[in-house]
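Next comes protein23.txt, a file with compact mmCIF, C-alpha atoms.
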# COMPACT_ATOMS: atom_id res chain seq x y z
CA MET A 214 64.67 98.51 100.58
CA PHE A 215 64.24 95.19 102.24
CA PHE A 216 66.97 95.81 104.78
CA SER A 217 65.84 99.29 105.76
CA ASN A 218 63.71 97.99 108.63
CA LYS A 219 66.04 98.97 111.43
CA GLU A 220 67.43 95.76 112.76
CA LYS A 221 70.39 95.42 115.01
CA VAL A 222 73.14 94.86 112.47
CA GLU A 223 76.16 93.41 114.18
CA LEU A 224 79.41 95.24 113.68
CA ALA A 225 82.47 93.70 112.11
CA PRO A 226 85.37 92.69 114.36
CA ASN A 227 87.84 95.53 114.86
CA LYS A 228 91.61 95.36 114.68
CA SER A 229 92.21 93.88 118.12
CA ASP A 230 89.39 91.36 117.61
CA ARG A 231 90.93 90.33 114.34
CA GLN A 232 94.36 89.93 115.87
CA LEU A 233 92.94 87.86 118.73
CA CYS A 234 91.14 85.61 116.25
CA TRP A 235 94.18 85.22 114.00
CA ASP A 236 96.43 84.36 116.94
CA SER A 237 94.13 81.67 118.29
CA ARG A 238 93.64 80.37 114.74
CA ASP A 239 97.40 80.03 114.34
CA ARG A 240 97.67 78.11 117.60
CA PHE A 241 94.84 75.77 116.59
CA PHE A 242 96.37 75.15 113.16
CA GLU A 243 99.80 74.52 114.68
CA CYS A 244 98.24 71.82 116.80
CA LEU A 245 96.50 70.32 113.74
CA SER A 246 99.75 70.23 111.78
CA ALA A 247 101.60 68.64 114.69
CA ASN A 248 98.97 65.88 114.72
CA HIS A 249 98.91 65.49 110.92
CA ILE A 250 95.29 66.52 110.56
CA ASP A 251 94.65 68.06 107.14
CA ASN A 252 90.95 68.70 107.03
CA SER A 253 89.64 69.69 110.44
CA LEU A 254 86.09 69.95 109.04
CA ASP A 255 86.05 66.31 107.91
CA GLN A 256 83.42 64.39 109.84
CA LYS A 257 85.72 61.34 110.15
CA GLN A 258 88.48 63.49 111.62
CA LEU A 259 86.23 65.32 114.06
CA LYS A 260 86.84 62.93 116.95
CA ASN A 261 90.57 63.11 116.42
CA VAL A 262 90.44 66.91 116.38
CA GLU A 263 88.42 67.05 119.57
CA SER A 264 90.70 64.68 121.48
CA LYS A 265 94.01 66.19 120.37
CA CYS A 266 93.33 69.88 119.80
CA GLY A 267 90.10 70.35 121.74
CA THR A 268 91.26 73.25 123.89
CA THR A 269 92.86 75.27 121.08
CA LYS A 270 89.78 74.63 118.96
CA LYS A 271 87.48 75.97 121.66
CA GLU A 272 89.63 79.05 122.03
CA PHE A 273 89.65 79.57 118.26
CA GLU A 274 85.87 79.26 118.08
CA SER A 275 85.28 81.66 120.93
CA ASN A 276 87.60 84.33 119.51
CA CYS A 277 86.34 84.33 115.93
CA VAL A 278 82.98 85.07 114.36
CA SER A 279 81.16 82.03 113.00
CA SER A 280 81.67 82.74 109.30
CA TRP A 281 85.42 83.04 109.81
CA ILE A 282 85.68 79.76 111.72
CA LYS A 283 84.49 77.80 108.72
CA TYR A 284 86.36 79.96 106.22
CA PHE A 285 89.75 79.62 107.87
CA GLN A 286 89.51 75.84 108.18
CA GLU A 287 88.44 75.48 104.56
CA LYS A 288 91.23 77.79 103.49
CA ARG A 289 93.83 75.85 105.44
CA TYR A 290 92.78 72.60 103.79
CA ASN A 291 92.75 74.14 100.29
CA ASP A 292 96.13 75.75 100.81
CA LEU A 293 97.58 72.44 102.02
CA ILE A 294 96.28 70.59 98.97
CA ARG A 295 97.60 73.27 96.67
CA GLN A 296 100.98 73.38 98.37
CA ARG A 297 101.34 69.61 98.08
CA TYR A 298 100.34 69.71 94.45
CA ILE A 299 102.96 72.35 93.71
CA GLU A 300 105.58 70.30 95.54
CA LYS A 301 104.59 67.23 93.58
CA LEU A 302 104.89 69.11 90.28
CA GLU A 303 108.23 70.57 91.26
CA SER A 304 109.57 67.15 92.22
CA GLU A 305 108.58 66.01 88.73
CA GLY A 306 110.71 68.79 87.29
CA ALA A 307 108.05 71.41 86.57
CA GLN A 308 109.35 74.95 86.17
CA PRO A 309 107.51 78.00 87.50
CA LEU A 310 106.20 80.34 84.83
CA PRO A 311 108.56 83.16 83.96
CA PHE A 312 105.72 85.70 84.33
CA LYS A 313 102.99 86.47 86.82
CA ILE A 314 99.39 85.57 86.30
CA ASP A 315 96.92 87.92 87.92
CA THR A 316 94.70 85.54 89.77
CA ILE A 317 91.27 86.35 91.05
CA LYS A 318 91.16 85.09 94.57
CA LYS A 319 88.04 84.67 96.52
CA GLU A 320 87.66 85.33 100.15
CA MET B 10 106.66 129.55 67.26
CA ILE B 11 108.84 131.93 69.23
CA THR B 12 111.74 129.53 69.31
CA ARG B 13 111.35 128.93 65.63
CA SER B 14 111.55 132.62 64.74
CA VAL B 15 114.55 133.00 67.01
CA ILE B 16 116.28 130.22 65.16
CA ARG B 17 115.41 131.73 61.82
CA SER B 18 116.77 135.11 62.85
CA SER B 19 119.92 133.54 64.17
CA ILE B 20 120.40 131.69 60.89
CA GLY B 21 119.94 135.02 59.09
CA SER B 22 122.59 136.66 61.19
CA VAL B 23 124.95 133.78 60.54
CA ASN B 24 124.45 134.32 56.81
CA ARG B 25 125.04 138.01 57.13
CA VAL B 26 128.20 137.57 59.11
CA SER B 27 129.62 134.97 56.79
CA ASN B 28 128.82 137.16 53.75
CA LYS B 29 130.79 139.90 55.34
CA GLN B 30 133.63 137.56 56.00
CA PHE B 31 133.49 136.39 52.44
CA THR B 32 133.78 139.88 51.00
CA ILE B 33 136.67 140.65 53.28
CA SER B 34 138.53 137.55 52.29
CA THR B 35 137.99 138.11 48.56
CA ARG B 36 139.37 141.54 48.98
CA TYR B 37 142.32 140.01 50.72
CA LEU B 38 142.80 137.49 47.95
CA GLN B 39 142.94 140.27 45.40
CA LYS B 40 145.55 141.98 47.45
CA LEU B 41 147.55 138.80 47.54
CA LYS B 42 147.34 138.46 43.76
CA ASN B 43 148.67 141.94 43.34
CA GLU B 44 151.59 141.15 45.57
CA LYS B 45 152.28 138.00 43.63
CA ASN B 46 152.28 139.91 40.36
CA GLU B 47 154.88 142.26 41.69
CA GLN B 48 157.05 139.59 43.15
CA PRO B 49 158.55 137.65 40.22
CA GLU B 50 160.82 140.57 39.34
CA LYS B 51 162.47 140.82 42.74
CA PRO B 52 164.28 137.55 43.47
CA LYS B 53 166.75 136.12 41.02
CA LYS B 54 165.68 132.99 39.30
CA ARG B 55 167.45 130.07 40.85
CA PRO B 56 167.49 126.45 39.71
CA LEU B 57 165.00 124.38 41.62
CA SER B 58 167.74 122.28 43.19
CA ARG B 59 169.01 125.33 45.00
CA VAL B 60 165.74 126.16 46.57
CA ALA B 61 165.69 125.01 50.19
CA ILE B 62 163.13 122.41 51.02
CA GLY B 63 160.34 123.88 53.09
CA GLY B 64 160.77 127.28 51.48
CA THR B 65 162.86 130.26 52.35
CA SER B 66 162.13 132.69 55.13
CA SER B 67 160.41 134.99 52.66
CA ASP B 68 158.11 132.16 51.55
CA SER B 69 157.02 131.33 55.05
CA LYS B 70 156.11 134.95 55.59
CA TYR B 71 153.52 134.75 52.83
CA ALA B 72 152.37 131.41 53.97
CA SER B 73 151.48 132.63 57.41
CA LYS B 74 149.51 135.49 55.92
CA SER B 75 147.54 133.35 53.55
CA GLN B 76 146.39 130.77 56.09
CA GLY B 77 142.61 130.87 55.42
CA LEU B 78 141.60 131.43 59.05
CA GLU B 79 139.65 134.57 58.28
CA PHE B 80 136.46 132.51 58.01
CA ALA B 81 136.74 131.45 61.60
CA THR B 82 136.95 134.67 63.48
CA TRP B 83 135.96 134.59 67.12
CA LYS B 84 132.57 136.05 66.25
CA ALA B 85 131.69 133.30 63.84
CA ILE B 86 132.96 130.61 66.21
CA THR B 87 130.98 131.85 69.19
CA LEU B 88 127.87 132.24 67.05
CA LEU B 89 128.25 128.72 65.79
CA ILE B 90 128.73 127.33 69.29
CA ILE B 91 125.81 129.25 70.78
CA GLY B 92 123.48 128.63 67.85
CA GLY B 93 124.42 125.00 67.58
CA GLY B 94 124.18 124.49 71.32
CA LEU B 95 120.75 126.07 71.52
CA GLY B 96 119.52 124.11 68.57
CA THR B 97 120.80 120.83 69.95
CA TYR B 98 119.31 121.54 73.37
CA PHE B 99 115.93 122.46 71.93
CA PHE B 100 115.66 119.46 69.65
CA GLN B 101 116.94 117.07 72.28
CA LYS B 102 114.30 118.30 74.71
CA GLU B 103 111.51 118.02 72.19
CA LYS B 104 112.65 114.57 71.18
CA GLU B 105 112.62 113.46 74.79
CA LYS B 106 109.09 114.78 75.26
CA ILE B 107 107.82 113.02 72.18
CA GLN B 108 109.48 109.81 73.28
CA LYS B 109 107.79 110.00 76.66
CA TYR B 110 104.45 110.65 75.04
CA LYS B 111 104.86 107.71 72.71
CA GLU B 112 105.88 105.51 75.60
CA MET B 113 102.72 106.49 77.43
CA GLU B 114 100.61 105.77 74.37
CA ALA B 115 102.30 102.40 74.02
CA ASN B 116 101.59 101.61 77.66
CA LYS B 117 97.93 102.28 77.18
CA PRO B 118 95.95 99.22 76.27
CA VAL B 119 94.49 99.17 72.80
CA GLY B 120 91.17 100.97 72.78
CA LYS B 121 89.49 102.34 75.84
CA PRO B 122 88.94 99.74 78.54
CA LEU B 123 85.34 99.48 79.54
CA VAL B 124 86.07 99.89 83.22
CA GLY B 125 84.40 102.62 85.22
CA GLY B 126 81.47 104.88 84.56
CA PRO B 127 78.86 106.88 86.38
CA PHE B 128 77.86 105.72 89.84
CA HIS B 129 76.26 107.16 92.94
CA LEU B 130 77.21 106.27 96.50
CA VAL B 131 77.45 108.04 99.85
CA ASP B 132 80.52 108.51 102.02
CA THR B 133 80.67 107.93 105.76
CA ASN B 134 79.62 111.53 106.44
CA GLY B 135 76.48 111.06 104.37
CA ASN B 136 77.71 113.19 101.44
CA ASP B 137 77.08 112.09 97.87
CA PHE B 138 80.00 110.55 96.09
CA THR B 139 79.90 110.04 92.34
CA GLU B 140 82.40 109.46 89.55
CA GLN B 141 82.80 113.27 89.46
CA ASN B 142 84.52 113.10 92.85
CA LEU B 143 87.27 111.01 91.28
CA LYS B 144 88.23 113.92 89.04
CA ASP B 145 90.71 116.53 90.14
CA PRO B 146 90.36 120.01 88.59
CA GLN B 147 94.09 120.57 89.15
CA GLY B 148 94.87 117.46 87.15
CA LYS B 149 97.22 116.08 89.81
CA ARG B 150 95.44 113.71 92.16
CA PHE B 151 95.03 110.05 91.33
CA SER B 152 92.41 107.86 92.98
CA ILE B 153 92.50 104.23 93.92
CA LEU B 154 89.43 102.06 94.46
CA TYR B 155 89.19 98.97 96.60
CA PHE B 156 86.10 96.84 96.92
CA GLY B 157 85.62 94.85 100.12
CA PHE B 158 83.43 94.40 103.17
CA THR B 159 83.93 94.97 106.86
CA HIS B 160 83.38 91.34 107.90
CA CYS B 161 86.19 90.26 105.61
CA PRO B 162 88.33 87.69 107.45
CA ASP B 163 91.90 88.20 106.30
CA VAL B 164 92.44 89.53 102.78
CA CYS B 165 90.73 92.92 103.05
CA PRO B 166 92.50 93.99 106.25
CA GLU B 167 95.84 93.03 104.71
CA GLU B 168 95.03 94.86 101.51
CA LEU B 169 93.82 97.95 103.35
CA ASP B 170 97.03 98.00 105.38
CA LYS B 171 98.88 97.80 102.08
CA LEU B 172 96.78 100.68 100.76
CA GLY B 173 97.85 102.80 103.75
CA ASP B 174 101.50 101.98 103.03
CA MET B 175 101.01 102.92 99.40
CA VAL B 176 99.50 106.29 100.35
CA ASN B 177 102.44 106.99 102.66
CA HIS B 178 105.00 105.93 100.07
CA LEU B 179 103.38 108.10 97.40
CA ASN B 180 103.18 111.00 99.80
CA GLU B 181 106.94 110.82 100.29
CA HIS B 182 107.33 111.01 96.50
CA GLY B 183 104.96 113.96 96.16
CA VAL B 184 102.14 112.07 94.47
CA ASP B 185 98.65 112.81 95.76
CA LEU B 186 96.38 109.78 96.03
CA GLN B 187 92.74 109.57 97.06
CA PRO B 188 92.17 106.10 98.54
CA ILE B 189 88.61 104.83 98.42
CA PHE B 190 87.02 101.77 100.00
CA ILE B 191 83.71 100.62 98.53
CA THR B 192 81.67 97.99 100.31
CA CYS B 193 80.23 94.98 98.53
CA ASP B 194 78.00 94.21 101.49
CA PRO B 195 75.60 97.15 101.80
CA ALA B 196 73.15 95.11 103.87
CA ARG B 197 75.49 95.06 106.85
CA ASP B 198 77.93 97.87 106.03
CA SER B 199 76.18 101.06 107.00
CA LYS B 200 77.95 104.43 106.99
CA GLU B 201 78.60 104.03 110.71
CA ALA B 202 79.94 100.49 110.38
CA ILE B 203 82.37 101.50 107.65
CA ASP B 204 83.44 104.60 109.55
CA LEU B 205 84.23 102.48 112.59
CA TYR B 206 85.97 99.84 110.50
CA LEU B 207 88.22 102.30 108.67
CA LYS B 208 89.42 103.83 111.94
CA ASP B 209 91.90 100.94 112.09
CA PHE B 210 93.44 101.97 108.78
CA HIS B 211 94.96 105.02 107.10
CA PRO B 212 92.91 108.13 108.00
CA LYS B 213 92.79 109.28 104.35
CA ILE B 214 90.76 106.29 103.22
CA ILE B 215 87.24 107.29 102.18
CA GLY B 216 84.54 104.69 102.81
CA LEU B 217 81.58 104.43 100.47
CA THR B 218 78.28 102.62 100.66
CA GLY B 219 74.80 102.89 99.18
CA THR B 220 71.69 100.89 98.51
CA TYR B 221 72.09 97.37 97.22
CA ASP B 222 71.28 98.50 93.66
CA GLU B 223 73.72 101.39 93.81
CA VAL B 224 76.52 99.14 95.02
CA LYS B 225 75.63 96.48 92.45
CA ASN B 226 75.75 99.11 89.70
CA THR B 227 79.14 100.43 90.83
CA CYS B 228 80.60 96.94 91.01
CA LYS B 229 79.26 96.19 87.54
CA LYS B 230 80.82 99.34 86.14
CA TYR B 231 84.19 98.36 87.56
CA ARG B 232 83.82 94.74 86.55
CA VAL B 233 83.89 93.64 90.16
CA TYR B 234 82.36 90.29 90.83
CA PHE B 235 80.68 89.85 94.18
CA SER B 236 78.14 87.45 95.54
CA THR B 237 76.25 87.57 98.78
CA PRO B 238 74.91 84.18 99.78
CA PRO B 239 71.20 83.90 99.02
CA ASN B 240 68.53 83.68 101.73
CA VAL B 241 70.55 85.24 104.51
CA LYS B 242 68.50 85.69 107.64
CA SER B 243 68.98 88.93 109.51
CA GLY B 244 71.62 88.68 112.17
CA GLN B 245 73.20 85.67 110.49
CA ASP B 246 76.92 85.81 109.86
CA TYR B 247 78.11 85.29 106.30
CA LEU B 248 80.98 86.07 103.96
CA VAL B 249 80.90 87.84 100.61
CA ASP B 250 82.81 86.53 97.63
CA HIS B 251 84.39 89.32 95.64
CA SER B 252 87.29 90.06 93.31
CA ILE B 253 90.15 91.88 94.95
CA PHE B 254 91.93 94.38 92.76
CA PHE B 255 92.99 97.94 93.32
CA TYR B 256 91.71 100.14 90.51
CA VAL B 257 93.92 103.12 89.70
CA ILE B 258 92.01 106.15 88.36
CA ASP B 259 93.74 109.13 86.78
CA PRO B 260 92.89 112.79 87.61
CA GLU B 261 90.35 112.86 84.78
CA GLY B 262 88.43 109.97 86.28
CA ASN B 263 89.60 107.42 83.73
CA PHE B 264 90.67 103.94 84.70
CA THR B 265 94.39 103.44 84.08
CA ASN B 266 95.65 100.37 85.89
CA VAL B 267 94.95 97.50 88.24
CA ILE B 268 97.13 96.38 91.11
CA GLY B 269 96.73 92.76 92.09
CA ARG B 270 97.17 91.11 95.43
CA GLU B 271 100.56 89.67 94.51
CA SER B 272 102.25 93.07 94.23
CA SER B 273 103.64 94.62 97.39
CA ALA B 274 102.81 98.12 98.62
CA ILE B 275 106.03 99.48 97.14
CA GLU B 276 105.46 97.80 93.79
CA GLY B 277 101.93 99.17 93.64
CA ALA B 278 103.08 102.64 94.61
CA GLU B 279 105.80 102.58 91.95
CA LYS B 280 103.16 101.67 89.37
CA ILE B 281 101.13 104.72 90.37
CA ILE B 282 104.21 106.98 90.32
CA LYS B 283 104.93 105.83 86.77
CA ASP B 284 101.34 106.52 85.77
CA SER B 285 101.44 109.99 87.26
CA GLU B 286 104.71 110.78 85.46
CA ASN B 287 103.21 109.73 82.16
CA PHE B 288 99.93 111.53 82.72
CA ILE B 289 99.21 114.39 80.33
CA PRO B 290 95.90 116.25 80.76
CA GLU B 291 93.40 116.02 77.91
CA SER B 292 93.69 119.73 77.05
CA GLN B 293 97.45 119.40 76.58
CA ARG B 294 97.03 116.22 74.57
CA ILE B 295 94.71 118.02 72.12
CA GLU B 296 97.01 121.03 71.99
CA LYS B 297 99.94 118.77 71.15
CA LYS B 298 98.09 117.01 68.37
CA GLN B 299 97.00 120.31 66.83
CA GLY B 300 100.33 122.08 67.28
CA ILE B 301 102.99 122.51 64.61
CA PHE B 302 104.70 119.30 65.67
CA GLY B 303 101.36 117.50 65.78
CA PHE B 304 102.35 115.03 63.10
CA LEU B 305 104.96 113.62 65.49
CA TYR B 306 102.27 112.53 67.94
CA LYS B 307 100.18 110.63 65.42
Just give me the structure as structure tokens.
Amino acid sequence: MFFSNKEKVELAPNKSDRQLCWDSRDRFFECLSANHIDNSLDQKQLKNVESKCGTTKKEFESNCVSSWIKYFQEKRYNDLIRQRYIEKLESEGAQPLPFKIDTIKKE
Amino acid sequence: MITRSVIRSSIGSVNRVSNKQFTISTRYLQKLKNEKNEQPEKPKKRPLSRVAIGGTSSDSKYASKSQGLEFATWKAITLLIIGGGLGTYFFQKEKEKIQKYKEMEANKPVGKPLVGGPFHLVDTNGNDFTEQNLKDPQGKRFSILYFGFTHCPDVCPEELDKLGDMVNHLNEHGVDLQPIFITCDPARDSKEAIDLYLKDFHPKIIGLTGTYDEVKNTCKKYRVYFSTPPNVKSGQDYLVDHSIFFYVIDPEGNFTNVIGRESSAIEGAEKIIKDSENFIPESQRIEKKQGIFGFLYK
């Protein structure tokens, strides 16, 4: 197989690593919410993010692996959009479905 | 068959007893007739208006004798109660069983779902693991499959914690469950990596990996979608997209249910408990369909 040439495969973060990452992520996102920044990956917002939440961002980036850093910020933005959309629909009098839909969620 | 012959014999004995009773009572009737034939001579004929309403003392004497209670002697009554009770109990029990069976059949989706099939992977100790390992010769243990990868940011760890809770909950209710974690990222998830990763979760969870083709085949069999980003350089960090369901497998290795992310550990566990209560091994299912009450199961 193409991956059988023994390369140093990095190990996944363990439980304490994950917790550390999640905690610093939560602090960073709290700061973003307090400063009304929705999309922290937006190029136009980048300056704003750096000036207001620079320290929490650095901490977040040092505690999490690179793929997660992007993932969590994308997820936060998507969740915000979705949440607002649901709120908008509900304010227009939309009713939640009386049954569950099994959704396929991506990670 | 045994119960049936017992019932037949008990019916026979009821007949015999009642025949006996019948002959006795006819004999008694004849006796009564004789008495009646003798009687008219004895008392003087009185006008009807003189006869006391409700009969004289002599009348009531005959009345008490001719009350037709001979049919219901204590023997007949006890036989009726025992026979009737046994019959009711037996039929009630059978009815309940049939109802449960039908309920299970109704719960099954129409046709056989095309989920599952032969696969070959290795566990963290390097032993082969195939679809045969999902089967339990005792017909008791259910299995649950979860597809994920060790670099998973937030969903997999949550779901694996949930899996541990499910195993514990089922254990308290006496249901044996074999939890299995299958990686979708064989390039990075070696046996050692998975072993290390699963140390943070329930100790019963079995971790499986294999070559890329083996993993791809398994995922295909279980209708799991996963995509590794193309052109990944070695050492580069990436995420794997994959569908996140728990697949419940019965002791015969057949897929029975899925548990989605929205259900809690307790809800998922209750689903499995229900499945295990409704599970009837294949041999018993065939036996039932071929048995004397087979028509009830069709």
With a distance cut-off of 10 Å and only C-alpha atoms, select the neighbouring residues of Ser237 (chain A), excluding the residue or stretch itself and same-chain residues fewer than 4 positions from it, and output the selection as number ranges by chain.
-> A: 232-233, 241-243, 269-277
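By chain and then residue number, the residues within 10 Å of region 222-224 of chain B are A:Met214, B:Phe128, B:His129, B:Leu130, B:Val131, B:Ile191, B:Thr192, B:Cys193, B:Asp194, B:Pro195, B:Leu217, B:Thr218, B:Cys228, B:Lys229, B:Lys230, counting all atoms listed in the file and disregarding those fewer than 4 positions away in sequence.
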Using only C-alpha atoms, find which residues of chain B lie within 6 Å of chain A and jot them down as an MDAnalysis selection string.
-> chainID B and resid 159:160 162 246:247 250:252
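Going from CA of Gly300 (chain B) to CA of Leu89 (chain B) covers 28.7 Å.
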At what distance in Å, to one decimal, does CA of Asn134 (chain B) lie from CA of Gln187 (chain B)?
-> 16.2 Å
Edge lengths and centre in Å, axis-aligned, region 225-230 of chain A plus 4 Å each side, as lines of an AutoDock Vina configuration file:
center_x = 87.3
center_y = 93.4
center_z = 115.1
size_x = 17.7
size_y = 12.2
size_z = 14.0
Find the residues near Gln286 (chain A): any atom within 9 Å, counting all atoms listed in the file, skip ones fewer than 6 places away on the same chain, and give them as a list of chain:residue names.
-> A:Arg238, A:Phe242, A:Asn252, A:Ser253, A:Leu254
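Comparing the minimum interatomic distances between Glu276 (chain B) and each of B:Asp132, B:Arg150, B:Leu172, B:Pro127, counting only C-alpha atoms, we find that B:Leu172 sits nearest.
With distances taken over all atoms listed in the file, A:Lys288 is the one residue among A:Gly267, A:Tyr298, A:Lys288, A:Glu305 lying closest to Val164 (chain B).
With all atoms listed in the file as the atoms that count, the minimum distance from Ile215 (chain B) to the choices B:Gly148, B:Gly135, B:Gly183, B:Pro238 is reached by B:Gly135.
Residue nearest Cys244 (chain A) within the list A:Gln296, A:Ser264, A:Asn291, A:Ser304: A:Ser264 [criterion: smallest interatomic distance, only C-alpha atoms].
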Quote the spacing between CA of Tyr231 (chain B) and CA of Asp163 (chain B) in Å to one decimal place.
-> 22.7 Å
May I have the residues within 10 Å of Lys144 (chain B) as a count of residues only, using all atoms listed in the file and disregarding those fewer than 2 positions away in the same chain?
-> 17
Please rebuild region 259-273 of chain A with N, CA, C and O atoms and give the result as a PDB file, in the coordinates of the input.
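After the write, result06.pdb holds the following:
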ATOM      1  N   LEU A 259      86.731  64.467 112.988  1.00  0.00           N
ATOM      2  CA  LEU A 259      86.230  65.320 114.060  1.00  0.00           C
ATOM      3  C   LEU A 259      86.603  64.823 115.457  1.00  0.00           C
ATOM      4  O   LEU A 259      87.025  65.605 116.314  1.00  0.00           O
ATOM      5  N   LYS A 260      86.506  63.512 115.645  1.00  0.00           N
ATOM      6  CA  LYS A 260      86.840  62.930 116.950  1.00  0.00           C
ATOM      7  C   LYS A 260      88.304  63.155 117.287  1.00  0.00           C
ATOM      8  O   LYS A 260      88.667  63.524 118.410  1.00  0.00           O
ATOM      9  N   ASN A 261      89.123  62.918 116.284  1.00  0.00           N
ATOM     10  CA  ASN A 261      90.570  63.110 116.420  1.00  0.00           C
ATOM     11  C   ASN A 261      90.903  64.553 116.803  1.00  0.00           C
ATOM     12  O   ASN A 261      91.711  64.809 117.698  1.00  0.00           O
ATOM     13  N   VAL A 262      90.225  65.483 116.109  1.00  0.00           N
ATOM     14  CA  VAL A 262      90.440  66.910 116.380  1.00  0.00           C
ATOM     15  C   VAL A 262      90.071  67.236 117.821  1.00  0.00           C
ATOM     16  O   VAL A 262      90.841  67.876 118.551  1.00  0.00           O
ATOM     17  N   GLU A 263      88.907  66.751 118.225  1.00  0.00           N
ATOM     18  CA  GLU A 263      88.420  67.050 119.570  1.00  0.00           C
ATOM     19  C   GLU A 263      89.371  66.513 120.644  1.00  0.00           C
ATOM     20  O   GLU A 263      89.672  67.201 121.628  1.00  0.00           O
ATOM     21  N   SER A 264      89.867  65.295 120.441  1.00  0.00           N
ATOM     22  CA  SER A 264      90.700  64.680 121.480  1.00  0.00           C
ATOM     23  C   SER A 264      92.092  65.307 121.539  1.00  0.00           C
ATOM     24  O   SER A 264      92.677  65.458 122.616  1.00  0.00           O
ATOM     25  N   LYS A 265      92.627  65.693 120.375  1.00  0.00           N
ATOM     26  CA  LYS A 265      94.010  66.190 120.370  1.00  0.00           C
ATOM     27  C   LYS A 265      94.120  67.710 120.474  1.00  0.00           C
ATOM     28  O   LYS A 265      95.040  68.238 121.088  1.00  0.00           O
ATOM     29  N   CYS A 266      93.212  68.419 119.812  1.00  0.00           N
ATOM     30  CA  CYS A 266      93.330  69.880 119.800  1.00  0.00           C
ATOM     31  C   CYS A 266      92.052  70.542 120.338  1.00  0.00           C
ATOM     32  O   CYS A 266      91.687  71.648 119.905  1.00  0.00           O
ATOM     33  N   GLY A 267      91.374  69.862 121.219  1.00  0.00           N
ATOM     34  CA  GLY A 267      90.100  70.350 121.740  1.00  0.00           C
ATOM     35  C   GLY A 267      90.185  71.733 122.358  1.00  0.00           C
ATOM     36  O   GLY A 267      89.355  72.602 122.054  1.00  0.00           O
ATOM     37  N   THR A 268      91.183  71.963 123.182  1.00  0.00           N
ATOM     38  CA  THR A 268      91.260  73.250 123.890  1.00  0.00           C
ATOM     39  C   THR A 268      91.556  74.397 122.933  1.00  0.00           C
ATOM     40  O   THR A 268      90.922  75.460 123.007  1.00  0.00           O
ATOM     41  N   THR A 269      92.522  74.191 122.028  1.00  0.00           N
ATOM     42  CA  THR A 269      92.860  75.270 121.080  1.00  0.00           C
ATOM     43  C   THR A 269      91.683  75.532 120.139  1.00  0.00           C
ATOM     44  O   THR A 269      91.453  76.670 119.729  1.00  0.00           O
ATOM     45  N   LYS A 270      90.933  74.469 119.841  1.00  0.00           N
ATOM     46  CA  LYS A 270      89.780  74.630 118.960  1.00  0.00           C
ATOM     47  C   LYS A 270      88.716  75.491 119.633  1.00  0.00           C
ATOM     48  O   LYS A 270      88.146  76.402 119.010  1.00  0.00           O
ATOM     49  N   LYS A 271      88.483  75.204 120.914  1.00  0.00           N
ATOM     50  CA  LYS A 271      87.480  75.970 121.660  1.00  0.00           C
ATOM     51  C   LYS A 271      87.849  77.446 121.705  1.00  0.00           C
ATOM     52  O   LYS A 271      87.009  78.326 121.524  1.00  0.00           O
ATOM     53  N   GLU A 272      89.129  77.677 121.948  1.00  0.00           N
ATOM     54  CA  GLU A 272      89.630  79.050 122.030  1.00  0.00           C
ATOM     55  C   GLU A 272      89.436  79.767 120.686  1.00  0.00           C
ATOM     56  O   GLU A 272      88.959  80.895 120.621  1.00  0.00           O
ATOM     57  N   PHE A 273      89.797  79.056 119.623  1.00  0.00           N
ATOM     58  CA  PHE A 273      89.650  79.570 118.260  1.00  0.00           C
ATOM     59  C   PHE A 273      88.191  79.928 117.980  1.00  0.00           C
ATOM     60  O   PHE A 273      87.878  81.015 117.469  1.00  0.00           O
TER      61      PHE A 273
END
